[in-house]
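Student: What follows is the file data-v9.txt, containing compact mmCIF, N, CA and C atoms:
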```
# COMPACT_ATOMS: atom_id res chain seq x y z
N MET G 1 0.95 129.77 45.65
CA MET G 1 2.16 128.97 45.85
C MET G 1 2.25 128.58 47.32
N THR G 2 2.62 127.36 47.58
CA THR G 2 2.71 126.86 48.95
C THR G 2 4.12 127.07 49.49
N ASN G 3 4.25 126.83 50.77
CA ASN G 3 5.55 126.91 51.44
C ASN G 3 6.17 125.52 51.54
N GLU G 4 6.23 124.81 50.43
CA GLU G 4 6.74 123.44 50.40
C GLU G 4 8.26 123.43 50.34
N LEU G 5 8.88 122.70 51.26
CA LEU G 5 10.33 122.52 51.27
C LEU G 5 10.70 121.48 50.24
N ARG G 6 11.71 121.81 49.41
CA ARG G 6 12.16 120.86 48.39
C ARG G 6 13.68 120.82 48.34
N ALA G 7 14.21 119.64 48.07
CA ALA G 7 15.63 119.51 47.76
C ALA G 7 15.83 120.00 46.33
N VAL G 8 16.85 120.79 46.11
CA VAL G 8 17.15 121.31 44.78
C VAL G 8 17.89 120.22 44.00
N VAL G 9 17.40 119.91 42.79
CA VAL G 9 18.03 118.87 41.97
C VAL G 9 18.56 119.39 40.63
N THR G 10 18.23 120.64 40.28
CA THR G 10 18.78 121.24 39.06
C THR G 10 19.16 122.69 39.36
N PRO G 11 20.16 123.22 38.66
CA PRO G 11 20.57 124.60 38.91
C PRO G 11 19.48 125.63 38.65
N GLU G 12 18.53 125.32 37.80
CA GLU G 12 17.47 126.26 37.45
C GLU G 12 16.48 126.49 38.59
N GLU G 13 16.51 125.64 39.59
CA GLU G 13 15.57 125.76 40.71
C GLU G 13 15.96 126.81 41.74
N VAL G 14 17.15 127.37 41.62
CA VAL G 14 17.64 128.29 42.64
C VAL G 14 18.48 129.39 41.98
N ARG G 15 18.38 130.59 42.54
CA ARG G 15 19.15 131.73 42.03
C ARG G 15 20.37 131.95 42.95
N LEU G 16 21.45 131.24 42.65
CA LEU G 16 22.64 131.31 43.50
C LEU G 16 23.24 132.71 43.53
N GLN G 17 23.02 133.49 42.48
CA GLN G 17 23.55 134.85 42.45
C GLN G 17 22.91 135.72 43.54
N ASP G 18 21.80 135.28 44.13
CA ASP G 18 21.14 136.03 45.20
C ASP G 18 21.74 135.74 46.57
N ASP G 19 22.63 134.75 46.68
CA ASP G 19 23.24 134.39 47.96
C ASP G 19 24.08 135.57 48.44
N PRO G 20 23.71 136.19 49.56
CA PRO G 20 24.45 137.36 50.04
C PRO G 20 25.75 137.01 50.78
N VAL G 21 25.94 135.74 51.13
CA VAL G 21 27.06 135.35 51.98
C VAL G 21 28.14 134.59 51.22
N ARG G 22 27.76 133.63 50.40
CA ARG G 22 28.72 132.72 49.76
C ARG G 22 28.72 132.90 48.24
N LYS G 23 28.86 134.12 47.81
CA LYS G 23 28.94 134.40 46.37
C LYS G 23 30.15 133.69 45.78
N GLY G 24 30.01 133.21 44.56
CA GLY G 24 31.14 132.59 43.90
C GLY G 24 31.22 131.09 44.07
N TYR G 25 30.39 130.51 44.94
CA TYR G 25 30.39 129.06 45.08
C TYR G 25 29.37 128.49 44.10
N SER G 26 29.82 127.56 43.29
CA SER G 26 29.01 127.04 42.19
C SER G 26 27.94 126.07 42.67
N TYR G 27 27.01 125.80 41.77
CA TYR G 27 25.99 124.78 42.01
C TYR G 27 26.67 123.43 42.25
N ASP G 28 27.68 123.10 41.44
CA ASP G 28 28.37 121.82 41.61
C ASP G 28 29.02 121.71 42.98
N PHE G 29 29.66 122.78 43.46
CA PHE G 29 30.24 122.74 44.81
C PHE G 29 29.16 122.46 45.85
N ARG G 30 28.03 123.14 45.71
CA ARG G 30 26.97 123.07 46.71
C ARG G 30 26.19 121.75 46.69
N THR G 31 26.44 120.92 45.68
CA THR G 31 25.65 119.68 45.55
C THR G 31 26.51 118.43 45.40
N THR G 32 27.76 118.48 45.84
CA THR G 32 28.63 117.31 45.79
C THR G 32 29.25 117.07 47.16
N ASP G 33 29.79 115.87 47.36
CA ASP G 33 30.55 115.53 48.56
C ASP G 33 29.77 115.79 49.85
N GLY G 34 28.51 115.39 49.88
CA GLY G 34 27.73 115.55 51.11
C GLY G 34 27.12 116.92 51.29
N ARG G 35 27.14 117.74 50.25
CA ARG G 35 26.53 119.07 50.33
C ARG G 35 25.22 119.07 49.53
N GLN G 36 24.22 119.82 50.04
CA GLN G 36 22.90 119.88 49.40
C GLN G 36 22.34 121.29 49.51
N ILE G 37 21.38 121.57 48.63
CA ILE G 37 20.63 122.82 48.65
C ILE G 37 19.16 122.47 48.85
N PHE G 38 18.49 123.23 49.72
CA PHE G 38 17.05 123.10 49.91
C PHE G 38 16.41 124.46 49.69
N THR G 39 15.16 124.44 49.23
CA THR G 39 14.47 125.69 48.98
C THR G 39 12.99 125.59 49.33
N ILE G 40 12.44 126.69 49.73
CA ILE G 40 11.01 126.94 49.65
C ILE G 40 10.92 127.86 48.45
N PRO G 41 10.48 127.38 47.30
CA PRO G 41 10.60 128.14 46.05
C PRO G 41 10.11 129.59 46.17
N ASP G 42 10.99 130.48 45.70
CA ASP G 42 10.74 131.93 45.69
C ASP G 42 10.59 132.54 47.07
N LYS G 43 10.93 131.77 48.12
CA LYS G 43 10.82 132.28 49.49
C LYS G 43 12.16 132.24 50.23
N ALA G 44 12.86 131.09 50.18
CA ALA G 44 14.11 130.95 50.95
C ALA G 44 14.95 129.80 50.40
N VAL G 45 16.25 129.88 50.70
CA VAL G 45 17.21 128.86 50.28
C VAL G 45 18.17 128.62 51.44
N VAL G 46 18.57 127.36 51.62
CA VAL G 46 19.60 127.02 52.60
C VAL G 46 20.53 125.99 51.98
N CYS G 47 21.82 126.15 52.23
CA CYS G 47 22.83 125.19 51.76
C CYS G 47 23.43 124.52 52.99
N ILE G 48 23.54 123.18 52.91
CA ILE G 48 24.06 122.42 54.03
C ILE G 48 25.19 121.50 53.59
N ALA G 49 25.97 121.06 54.57
CA ALA G 49 27.02 120.07 54.33
C ALA G 49 26.99 119.07 55.47
N LYS G 50 27.23 117.81 55.15
CA LYS G 50 27.37 116.75 56.16
C LYS G 50 28.85 116.59 56.47
N THR G 51 29.22 116.65 57.75
CA THR G 51 30.62 116.52 58.16
C THR G 51 30.71 115.74 59.46
N ASP G 52 31.92 115.30 59.80
CA ASP G 52 32.18 114.71 61.10
C ASP G 52 33.05 115.61 61.97
N ILE G 53 33.41 116.79 61.43
CA ILE G 53 34.22 117.79 62.13
C ILE G 53 33.57 119.15 61.86
N ILE G 54 33.56 120.04 62.85
CA ILE G 54 33.00 121.38 62.65
C ILE G 54 34.01 122.23 61.90
N PRO G 55 33.65 122.73 60.71
CA PRO G 55 34.57 123.60 59.97
C PRO G 55 34.53 125.04 60.51
N THR G 56 35.64 125.74 60.35
CA THR G 56 35.70 127.15 60.73
C THR G 56 35.94 128.05 59.52
N THR G 57 36.19 127.43 58.36
CA THR G 57 36.39 128.18 57.10
C THR G 57 35.69 127.40 55.98
N MET G 58 35.48 128.07 54.86
CA MET G 58 34.91 127.38 53.70
C MET G 58 35.88 126.34 53.16
N GLN G 59 37.17 126.58 53.29
CA GLN G 59 38.16 125.58 52.86
C GLN G 59 38.02 124.30 53.68
N GLU G 60 37.84 124.45 54.99
CA GLU G 60 37.61 123.28 55.84
C GLU G 60 36.29 122.61 55.50
N LEU G 61 35.26 123.39 55.21
CA LEU G 61 33.98 122.81 54.83
C LEU G 61 34.15 121.93 53.59
N ALA G 62 34.87 122.42 52.60
CA ALA G 62 35.13 121.64 51.38
C ALA G 62 35.90 120.37 51.71
N GLN G 63 36.84 120.47 52.60
CA GLN G 63 37.68 119.32 52.98
C GLN G 63 36.91 118.29 53.80
N TYR G 64 36.07 118.74 54.75
CA TYR G 64 35.41 117.84 55.70
C TYR G 64 34.10 117.25 55.18
N SER G 65 33.49 117.84 54.17
CA SER G 65 32.20 117.37 53.67
C SER G 65 32.32 115.97 53.09
N LYS G 66 31.37 115.11 53.49
CA LYS G 66 31.32 113.77 52.90
C LYS G 66 29.91 113.21 53.02
N PRO G 67 29.47 112.49 52.00
CA PRO G 67 28.07 112.04 51.97
C PRO G 67 27.66 111.14 53.14
N ASN G 68 28.58 110.36 53.67
CA ASN G 68 28.22 109.42 54.74
C ASN G 68 28.48 109.97 56.14
N ALA G 69 28.81 111.23 56.28
CA ALA G 69 29.04 111.83 57.60
C ALA G 69 27.72 111.89 58.36
N THR G 70 27.77 111.60 59.65
CA THR G 70 26.55 111.58 60.47
C THR G 70 26.64 112.47 61.71
N GLU G 71 27.82 112.99 62.00
CA GLU G 71 27.99 113.77 63.23
C GLU G 71 27.32 115.14 63.14
N PHE G 72 27.60 115.89 62.07
CA PHE G 72 27.13 117.27 61.95
C PHE G 72 26.43 117.53 60.62
N THR G 73 25.37 118.32 60.67
CA THR G 73 24.87 119.02 59.49
C THR G 73 25.28 120.46 59.69
N ILE G 74 26.01 120.99 58.71
CA ILE G 74 26.49 122.37 58.76
C ILE G 74 25.63 123.22 57.84
N PHE G 75 25.02 124.26 58.39
CA PHE G 75 24.28 125.24 57.60
C PHE G 75 25.27 126.35 57.27
N TYR G 76 25.68 126.46 56.00
CA TYR G 76 26.71 127.44 55.69
C TYR G 76 26.21 128.66 54.93
N THR G 77 24.98 128.66 54.49
CA THR G 77 24.36 129.88 53.99
C THR G 77 22.86 129.70 53.97
N VAL G 78 22.16 130.76 54.28
CA VAL G 78 20.70 130.80 54.19
C VAL G 78 20.32 132.21 53.76
N TRP G 79 19.37 132.29 52.84
CA TRP G 79 18.84 133.60 52.47
C TRP G 79 17.38 133.47 52.13
N SER G 80 16.67 134.61 52.25
CA SER G 80 15.24 134.60 52.00
C SER G 80 14.84 135.82 51.20
N TYR G 81 13.65 135.73 50.65
CA TYR G 81 13.11 136.81 49.83
C TYR G 81 11.98 137.54 50.54
N GLY G 82 11.84 137.30 51.84
CA GLY G 82 10.82 137.98 52.62
C GLY G 82 11.00 137.68 54.09
N GLY G 83 10.46 138.53 54.92
CA GLY G 83 10.59 138.38 56.36
C GLY G 83 10.04 137.06 56.86
N GLY G 84 10.80 136.40 57.71
CA GLY G 84 10.36 135.18 58.36
C GLY G 84 10.66 133.89 57.61
N TYR G 85 11.03 133.98 56.34
CA TYR G 85 11.24 132.76 55.56
C TYR G 85 12.58 132.08 55.85
N GLY G 86 13.59 132.83 56.28
CA GLY G 86 14.84 132.20 56.71
C GLY G 86 14.60 131.29 57.89
N ARG G 87 13.86 131.78 58.84
CA ARG G 87 13.50 130.96 60.02
C ARG G 87 12.63 129.78 59.61
N LEU G 88 11.67 130.02 58.72
CA LEU G 88 10.75 128.97 58.30
C LEU G 88 11.49 127.81 57.63
N ILE G 89 12.44 128.12 56.75
CA ILE G 89 13.14 127.03 56.06
C ILE G 89 13.95 126.18 57.05
N LEU G 90 14.55 126.82 58.05
CA LEU G 90 15.27 126.05 59.07
C LEU G 90 14.30 125.20 59.89
N ASN G 91 13.16 125.76 60.24
CA ASN G 91 12.16 125.00 61.01
C ASN G 91 11.64 123.80 60.22
N TYR G 92 11.47 123.96 58.92
CA TYR G 92 11.02 122.85 58.08
C TYR G 92 12.10 121.79 57.93
N LEU G 93 13.35 122.24 57.76
CA LEU G 93 14.43 121.31 57.42
C LEU G 93 15.00 120.56 58.62
N LEU G 94 15.19 121.22 59.73
CA LEU G 94 15.84 120.60 60.88
C LEU G 94 15.24 119.23 61.26
N PRO G 95 13.94 119.10 61.38
CA PRO G 95 13.40 117.80 61.80
C PRO G 95 13.59 116.68 60.77
N GLN G 96 13.92 117.03 59.54
CA GLN G 96 14.08 116.01 58.49
C GLN G 96 15.50 115.48 58.37
N LEU G 97 16.43 116.08 59.07
CA LEU G 97 17.83 115.70 58.96
C LEU G 97 18.19 114.64 60.00
N ASN G 98 19.21 113.87 59.71
CA ASN G 98 19.59 112.77 60.59
C ASN G 98 21.03 112.88 61.07
N SER G 99 21.38 114.01 61.60
CA SER G 99 22.71 114.18 62.17
C SER G 99 22.60 114.22 63.68
N LYS G 100 23.72 114.07 64.35
CA LYS G 100 23.73 114.15 65.80
C LYS G 100 23.66 115.60 66.27
N ARG G 101 24.29 116.52 65.48
CA ARG G 101 24.32 117.94 65.87
C ARG G 101 24.12 118.81 64.64
N TYR G 102 23.58 120.03 64.86
CA TYR G 102 23.24 120.96 63.79
C TYR G 102 23.93 122.29 64.07
N VAL G 103 24.90 122.63 63.22
CA VAL G 103 25.81 123.74 63.48
C VAL G 103 25.90 124.62 62.23
N THR G 104 26.14 125.91 62.43
CA THR G 104 26.31 126.82 61.30
C THR G 104 27.79 127.11 61.06
N LEU G 105 28.08 127.53 59.86
CA LEU G 105 29.35 128.17 59.51
C LEU G 105 28.93 129.54 59.02
N SER G 106 28.93 130.51 59.93
CA SER G 106 28.33 131.82 59.67
C SER G 106 29.40 132.90 59.51
N PRO G 107 29.08 133.91 58.71
CA PRO G 107 30.01 135.04 58.60
C PRO G 107 30.08 135.80 59.92
N LYS G 108 31.16 136.52 60.11
CA LYS G 108 31.32 137.31 61.34
C LYS G 108 30.63 138.65 61.17
N THR G 109 29.29 138.59 61.25
CA THR G 109 28.49 139.81 61.12
C THR G 109 27.48 139.88 62.26
N ASP G 110 27.08 141.11 62.58
CA ASP G 110 26.03 141.29 63.59
C ASP G 110 24.72 140.65 63.12
N MET G 111 24.46 140.71 61.80
CA MET G 111 23.23 140.12 61.27
C MET G 111 23.18 138.62 61.54
N ALA G 112 24.29 137.92 61.35
CA ALA G 112 24.34 136.48 61.61
C ALA G 112 24.09 136.20 63.09
N VAL G 113 24.71 136.98 63.96
CA VAL G 113 24.51 136.79 65.40
C VAL G 113 23.04 136.99 65.76
N ARG G 114 22.44 138.07 65.27
CA ARG G 114 21.03 138.35 65.57
C ARG G 114 20.12 137.24 65.05
N PHE G 115 20.33 136.84 63.79
CA PHE G 115 19.46 135.83 63.18
C PHE G 115 19.51 134.53 63.98
N HIS G 116 20.70 134.02 64.24
CA HIS G 116 20.80 132.70 64.88
C HIS G 116 20.40 132.74 66.35
N THR G 117 20.79 133.77 67.10
CA THR G 117 20.40 133.81 68.51
C THR G 117 18.89 134.04 68.64
N LYS G 118 18.31 134.86 67.75
CA LYS G 118 16.86 135.09 67.76
C LYS G 118 16.10 133.79 67.49
N ASN G 119 16.72 132.90 66.72
CA ASN G 119 16.07 131.64 66.36
C ASN G 119 16.47 130.48 67.26
N GLY G 120 17.09 130.78 68.40
CA GLY G 120 17.33 129.78 69.42
C GLY G 120 18.68 129.07 69.39
N ALA G 121 19.57 129.48 68.51
CA ALA G 121 20.89 128.83 68.44
C ALA G 121 21.83 129.45 69.48
N LYS G 122 22.80 128.67 69.89
CA LYS G 122 23.82 129.12 70.85
C LYS G 122 25.16 129.19 70.14
N MET G 123 25.90 130.29 70.37
CA MET G 123 27.23 130.41 69.77
C MET G 123 28.18 129.43 70.45
N ILE G 124 28.82 128.58 69.65
CA ILE G 124 29.78 127.62 70.19
C ILE G 124 31.19 127.85 69.65
N GLY G 125 31.34 128.78 68.69
CA GLY G 125 32.66 129.05 68.14
C GLY G 125 32.77 130.47 67.63
N ASP G 126 33.78 131.18 68.10
CA ASP G 126 34.12 132.52 67.61
C ASP G 126 35.50 132.39 66.99
N ASN G 127 35.54 132.15 65.68
CA ASN G 127 36.76 131.83 64.97
C ASN G 127 37.30 133.05 64.24
N GLU G 128 38.48 132.94 63.68
CA GLU G 128 39.09 134.06 62.97
C GLU G 128 38.22 134.53 61.81
N GLU G 129 37.64 133.59 61.04
CA GLU G 129 36.87 133.94 59.85
C GLU G 129 35.37 133.72 59.98
N SER G 130 34.92 133.11 61.08
CA SER G 130 33.51 132.72 61.16
C SER G 130 33.04 132.59 62.59
N TYR G 131 31.72 132.45 62.70
CA TYR G 131 31.08 132.03 63.94
C TYR G 131 30.47 130.65 63.69
N ASN G 132 30.40 129.83 64.74
CA ASN G 132 29.63 128.59 64.71
C ASN G 132 28.53 128.72 65.75
N PHE G 133 27.29 128.48 65.32
CA PHE G 133 26.14 128.43 66.21
C PHE G 133 25.59 127.02 66.17
N GLU G 134 25.04 126.57 67.29
CA GLU G 134 24.44 125.24 67.31
C GLU G 134 22.96 125.35 67.60
N TYR G 135 22.19 124.61 66.81
CA TYR G 135 20.76 124.46 67.02
C TYR G 135 20.52 123.12 67.70
N ILE G 136 19.73 123.14 68.76
CA ILE G 136 19.40 121.93 69.50
C ILE G 136 17.96 121.55 69.17
N LEU G 137 17.77 120.31 68.79
CA LEU G 137 16.42 119.81 68.54
C LEU G 137 15.92 119.08 69.78
N TRP G 138 14.77 119.48 70.24
CA TRP G 138 14.15 118.79 71.37
C TRP G 138 13.08 117.88 70.81
N ILE G 139 13.34 116.59 70.86
CA ILE G 139 12.42 115.62 70.29
C ILE G 139 11.69 114.91 71.42
N LYS G 140 10.38 115.00 71.38
CA LYS G 140 9.58 114.32 72.40
C LYS G 140 9.28 112.91 71.94
N MET G 141 9.53 111.99 72.82
CA MET G 141 9.22 110.59 72.54
C MET G 141 7.84 110.28 73.09
N ASN G 142 6.94 109.93 72.21
CA ASN G 142 5.58 109.55 72.64
C ASN G 142 5.48 108.03 72.68
N ARG G 143 5.03 107.55 73.76
CA ARG G 143 4.87 106.10 73.91
C ARG G 143 3.41 105.77 74.13
```
I'd like the structure from this file rewritten - as structure tokens, please.
Tutor:
Amino acid sequence: MTNELRAVVTPEEVRLQDDPVRKGYSYDFRTTDGRQIFTIPDKAVVCIAKTDIIPTTMQELAQYSKPNATEFTIFYTVWSYGGGYGRLILNYLLPQLNSKRYVTLSPKTDMAVRFHTKNGAKMIGDNEESYNFEYILWIKMNR
């Protein structure tokens, strides 16, 4: 099996019950109003939302998500089935997105802080219910 990144198009392609952070959010929630699921099958899953405002709660994420938003891609959950695959899915996905900024809506856990800071993100929000980390893409222009 390869490490191919794919957009999820059917509920059978992903085991949402394995999500350690956002249990209870349905496939329909995760795939409507500018929200998408990506997977490296049997290795890792990430759920994203397109917004023009940085959310600090899941309620705000639901409110702010819209398909035509271009300001932010919000990573609101990521999980993997083996070491290194959480990082790999972000590395595969980030260059394919077309937002101005890439930000997380992370739980207030030490694990979230370690994961995102280890992978190069900077904390930009310490909110009542969440942390926001920002990933910066450095794109080299070759002429």
Student: One number please: atom N of Asn68 (chain G) to atom C of Ala7 (chain G), in Å, one decimal.
Tutor: 17.6 Å
Student: Of the residues G:Ala121, G:Val78, G:Leu94, G:Ile136, which is the one nearest to Val45 (chain G), using only N, CA and C atoms?
Tutor: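 Smallest distance to Val45 (chain G) is found for G:Val78.
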Student: Measure the distance from CA of Arg114 (chain G) to CA of Cys47 (chain G) in Å and round it to one decimal.
Tutor: 19.2 Å
Student: From a DSSP calculation on the backbone, collect every residue of chain G in alpha helix (DSSP H) and output the set as a list in words.
Tutor: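 The residues of chain G classed as alpha helix (DSSP H) are Tyr27, Asp28, Phe29, Arg30, Met58, Gln59, Glu60, Leu61, Ala62, Gln63, Tyr64, Tyr85, Gly86, Arg87, Leu88, Ile89, Leu90, Asn91, Tyr92, Leu93, Asp110, Met111, Ala112, Val113, Arg114, Phe115, His116, Thr117 and Lys118 of chain G.
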Student: I'd like the interatomic distance between CA of Arg101 (chain G) and atom C of Arg35 (chain G), to a tenth of an Å.
Tutor: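 Between CA of Arg101 (chain G) and atom C of Arg35 (chain G) the gap is 16.4 Å.
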Student: Counting only C-alpha atoms, find residues at most 6 Å from (33.4, 114.2, 52.1) (file frame) and give them as a list in words.
Tutor: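 With a cut-off of 6 Å, the residues come to Asp33, Gly34, Tyr64, Ser65, Lys66 and Pro67 of chain G.
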Student: Please identify all polymer residues within 8 Å of Arg30 (chain G), counting all atoms listed in the file, omitting same-chain residues fewer than 5 positions from it, and present them as a ChimeraX atom specification.
Tutor: /G:25,35-37,47-49
Student: So that I can see what lies close to region 20-23 of chain G, please list as number ranges by chain the residues with an atom at most 10 Å from it, counting only C-alpha atoms and leaving out residues fewer than 4 positions away in the same chain.
Tutor: G: 16, 47, 58, 76-80, 106-107
Student: Which residues, written as a PyMOL selection string, have at least one atom at most 12 Å from Gly125 (chain G), with only C-alpha atoms counted and residues fewer than 5 positions away on the same chain left out?
Tutor: chain G and resi 54-57+103-108+113+130-134
Student: Pick from G:Asn98, G:Lys50, G:Thr10, G:Tyr92: nearest to Tyr27 (chain G), with only N, CA and C atoms counted?
Tutor: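 Checking each candidate against Tyr27 (chain G), we get G:Thr10 as the closest.
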Student: Please provide the set of residues having any atom within 8 Å of Glu13 (chain G), restricted to all atoms listed in the file, with same-chain residues fewer than 2 positions apart removed, written as a list of chain:residue names.
Tutor: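 Residues near the query, excluding close chain neighbours: G:Val8, G:Val9, G:Thr10, G:Pro11, G:Arg15, G:Leu16, G:Thr39, G:Pro41, G:Asp42.
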Student: Would you please work out which residue, of G:Gly120, G:Asp110, G:Ser26, G:Asp126, is nearest to Asn91 (chain G) when using only C-alpha atoms?
Tutor: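 Closest candidate: G:Gly120.
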Student: As a CSV table (one decimal) with N, CA and C atoms, in the coordinates of the input, please: all residues of chain G that backbone DSSP puts in strand (DSSP E).
Tutor:
```csv
chain,number,residue,atom,x,y,z
G,6,ARG,N,11.7,121.8,49.4
G,6,ARG,CA,12.2,120.9,48.4
G,6,ARG,C,13.7,120.8,48.3
G,7,ALA,N,14.2,119.6,48.1
G,7,ALA,CA,15.6,119.5,47.8
G,7,ALA,C,15.8,120.0,46.3
G,35,ARG,N,27.1,117.7,50.2
G,35,ARG,CA,26.5,119.1,50.3
G,35,ARG,C,25.2,119.1,49.5
G,36,GLN,N,24.2,119.8,50.0
G,36,GLN,CA,22.9,119.9,49.4
G,36,GLN,C,22.3,121.3,49.5
G,37,ILE,N,21.4,121.6,48.6
G,37,ILE,CA,20.6,122.8,48.6
G,37,ILE,C,19.2,122.5,48.8
G,38,PHE,N,18.5,123.2,49.7
G,38,PHE,CA,17.0,123.1,49.9
G,38,PHE,C,16.4,124.5,49.7
G,39,THR,N,15.2,124.4,49.2
G,39,THR,CA,14.5,125.7,49.0
G,39,THR,C,13.0,125.6,49.3
G,40,ILE,N,12.4,126.7,49.7
G,40,ILE,CA,11.0,126.9,49.6
G,40,ILE,C,10.9,127.9,48.4
G,44,ALA,N,12.9,131.1,50.2
G,44,ALA,CA,14.1,131.0,51.0
G,44,ALA,C,15.0,129.8,50.4
G,45,VAL,N,16.2,129.9,50.7
G,45,VAL,CA,17.2,128.9,50.3
G,45,VAL,C,18.2,128.6,51.4
G,46,VAL,N,18.6,127.4,51.6
G,46,VAL,CA,19.6,127.0,52.6
G,46,VAL,C,20.5,126.0,52.0
G,47,CYS,N,21.8,126.2,52.2
G,47,CYS,CA,22.8,125.2,51.8
G,47,CYS,C,23.4,124.5,53.0
G,48,ILE,N,23.5,123.2,52.9
G,48,ILE,CA,24.1,122.4,54.0
G,48,ILE,C,25.2,121.5,53.6
G,49,ALA,N,26.0,121.1,54.6
G,49,ALA,CA,27.0,120.1,54.3
G,49,ALA,C,27.0,119.1,55.5
G,50,LYS,N,27.2,117.8,55.2
G,50,LYS,CA,27.4,116.8,56.2
G,50,LYS,C,28.8,116.6,56.5
G,51,THR,N,29.2,116.6,57.8
G,51,THR,CA,30.6,116.5,58.2
G,51,THR,C,30.7,115.7,59.5
G,72,PHE,N,27.6,115.9,62.1
G,72,PHE,CA,27.1,117.3,62.0
G,72,PHE,C,26.4,117.5,60.6
G,73,THR,N,25.4,118.3,60.7
G,73,THR,CA,24.9,119.0,59.5
G,73,THR,C,25.3,120.5,59.7
G,74,ILE,N,26.0,121.0,58.7
G,74,ILE,CA,26.5,122.4,58.8
G,74,ILE,C,25.6,123.2,57.8
G,75,PHE,N,25.0,124.3,58.4
G,75,PHE,CA,24.3,125.2,57.6
G,75,PHE,C,25.3,126.4,57.3
G,76,TYR,N,25.7,126.5,56.0
G,76,TYR,CA,26.7,127.4,55.7
G,76,TYR,C,26.2,128.7,54.9
G,77,THR,N,25.0,128.7,54.5
G,77,THR,CA,24.4,129.9,54.0
G,77,THR,C,22.9,129.7,54.0
G,78,VAL,N,22.2,130.8,54.3
G,78,VAL,CA,20.7,130.8,54.2
G,78,VAL,C,20.3,132.2,53.8
G,79,TRP,N,19.4,132.3,52.8
G,79,TRP,CA,18.8,133.6,52.5
G,79,TRP,C,17.4,133.5,52.1
G,80,SER,N,16.7,134.6,52.2
G,80,SER,CA,15.2,134.6,52.0
G,80,SER,C,14.8,135.8,51.2
G,101,ARG,N,24.3,116.5,65.5
G,101,ARG,CA,24.3,117.9,65.9
G,101,ARG,C,24.1,118.8,64.6
G,102,TYR,N,23.6,120.0,64.9
G,102,TYR,CA,23.2,121.0,63.8
G,102,TYR,C,23.9,122.3,64.1
G,103,VAL,N,24.9,122.6,63.2
G,103,VAL,CA,25.8,123.7,63.5
G,103,VAL,C,25.9,124.6,62.2
G,104,THR,N,26.1,125.9,62.4
G,104,THR,CA,26.3,126.8,61.3
G,104,THR,C,27.8,127.1,61.1
G,122,LYS,N,22.8,128.7,69.9
G,122,LYS,CA,23.8,129.1,70.8
G,122,LYS,C,25.2,129.2,70.1
G,123,MET,N,25.9,130.3,70.4
G,123,MET,CA,27.2,130.4,69.8
G,123,MET,C,28.2,129.4,70.4
G,124,ILE,N,28.8,128.6,69.6
G,124,ILE,CA,29.8,127.6,70.2
G,124,ILE,C,31.2,127.8,69.6
G,125,GLY,N,31.3,128.8,68.7
G,125,GLY,CA,32.7,129.0,68.1
G,125,GLY,C,32.8,130.5,67.6
G,126,ASP,N,33.8,131.2,68.1
G,126,ASP,CA,34.1,132.5,67.6
G,126,ASP,C,35.5,132.4,67.0
G,131,TYR,N,31.7,132.4,62.7
G,131,TYR,CA,31.1,132.0,63.9
G,131,TYR,C,30.5,130.6,63.7
G,132,ASN,N,30.4,129.8,64.7
G,132,ASN,CA,29.6,128.6,64.7
G,132,ASN,C,28.5,128.7,65.8
G,133,PHE,N,27.3,128.5,65.3
G,133,PHE,CA,26.1,128.4,66.2
G,133,PHE,C,25.6,127.0,66.2
G,134,GLU,N,25.0,126.6,67.3
G,134,GLU,CA,24.4,125.2,67.3
G,134,GLU,C,23.0,125.4,67.6
G,135,TYR,N,22.2,124.6,66.8
G,135,TYR,CA,20.8,124.5,67.0
G,135,TYR,C,20.5,123.1,67.7
```
Student: Compare G:Thr73, G:Thr2, G:Thr31, G:Thr117 by their minimum atom-to-atom distance to Gln96 (chain G), counting only C-alpha atoms, and give me the closest one.
Tutor: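 Among the listed residues, the smallest separation from Gln96 (chain G) belongs to G:Thr73.
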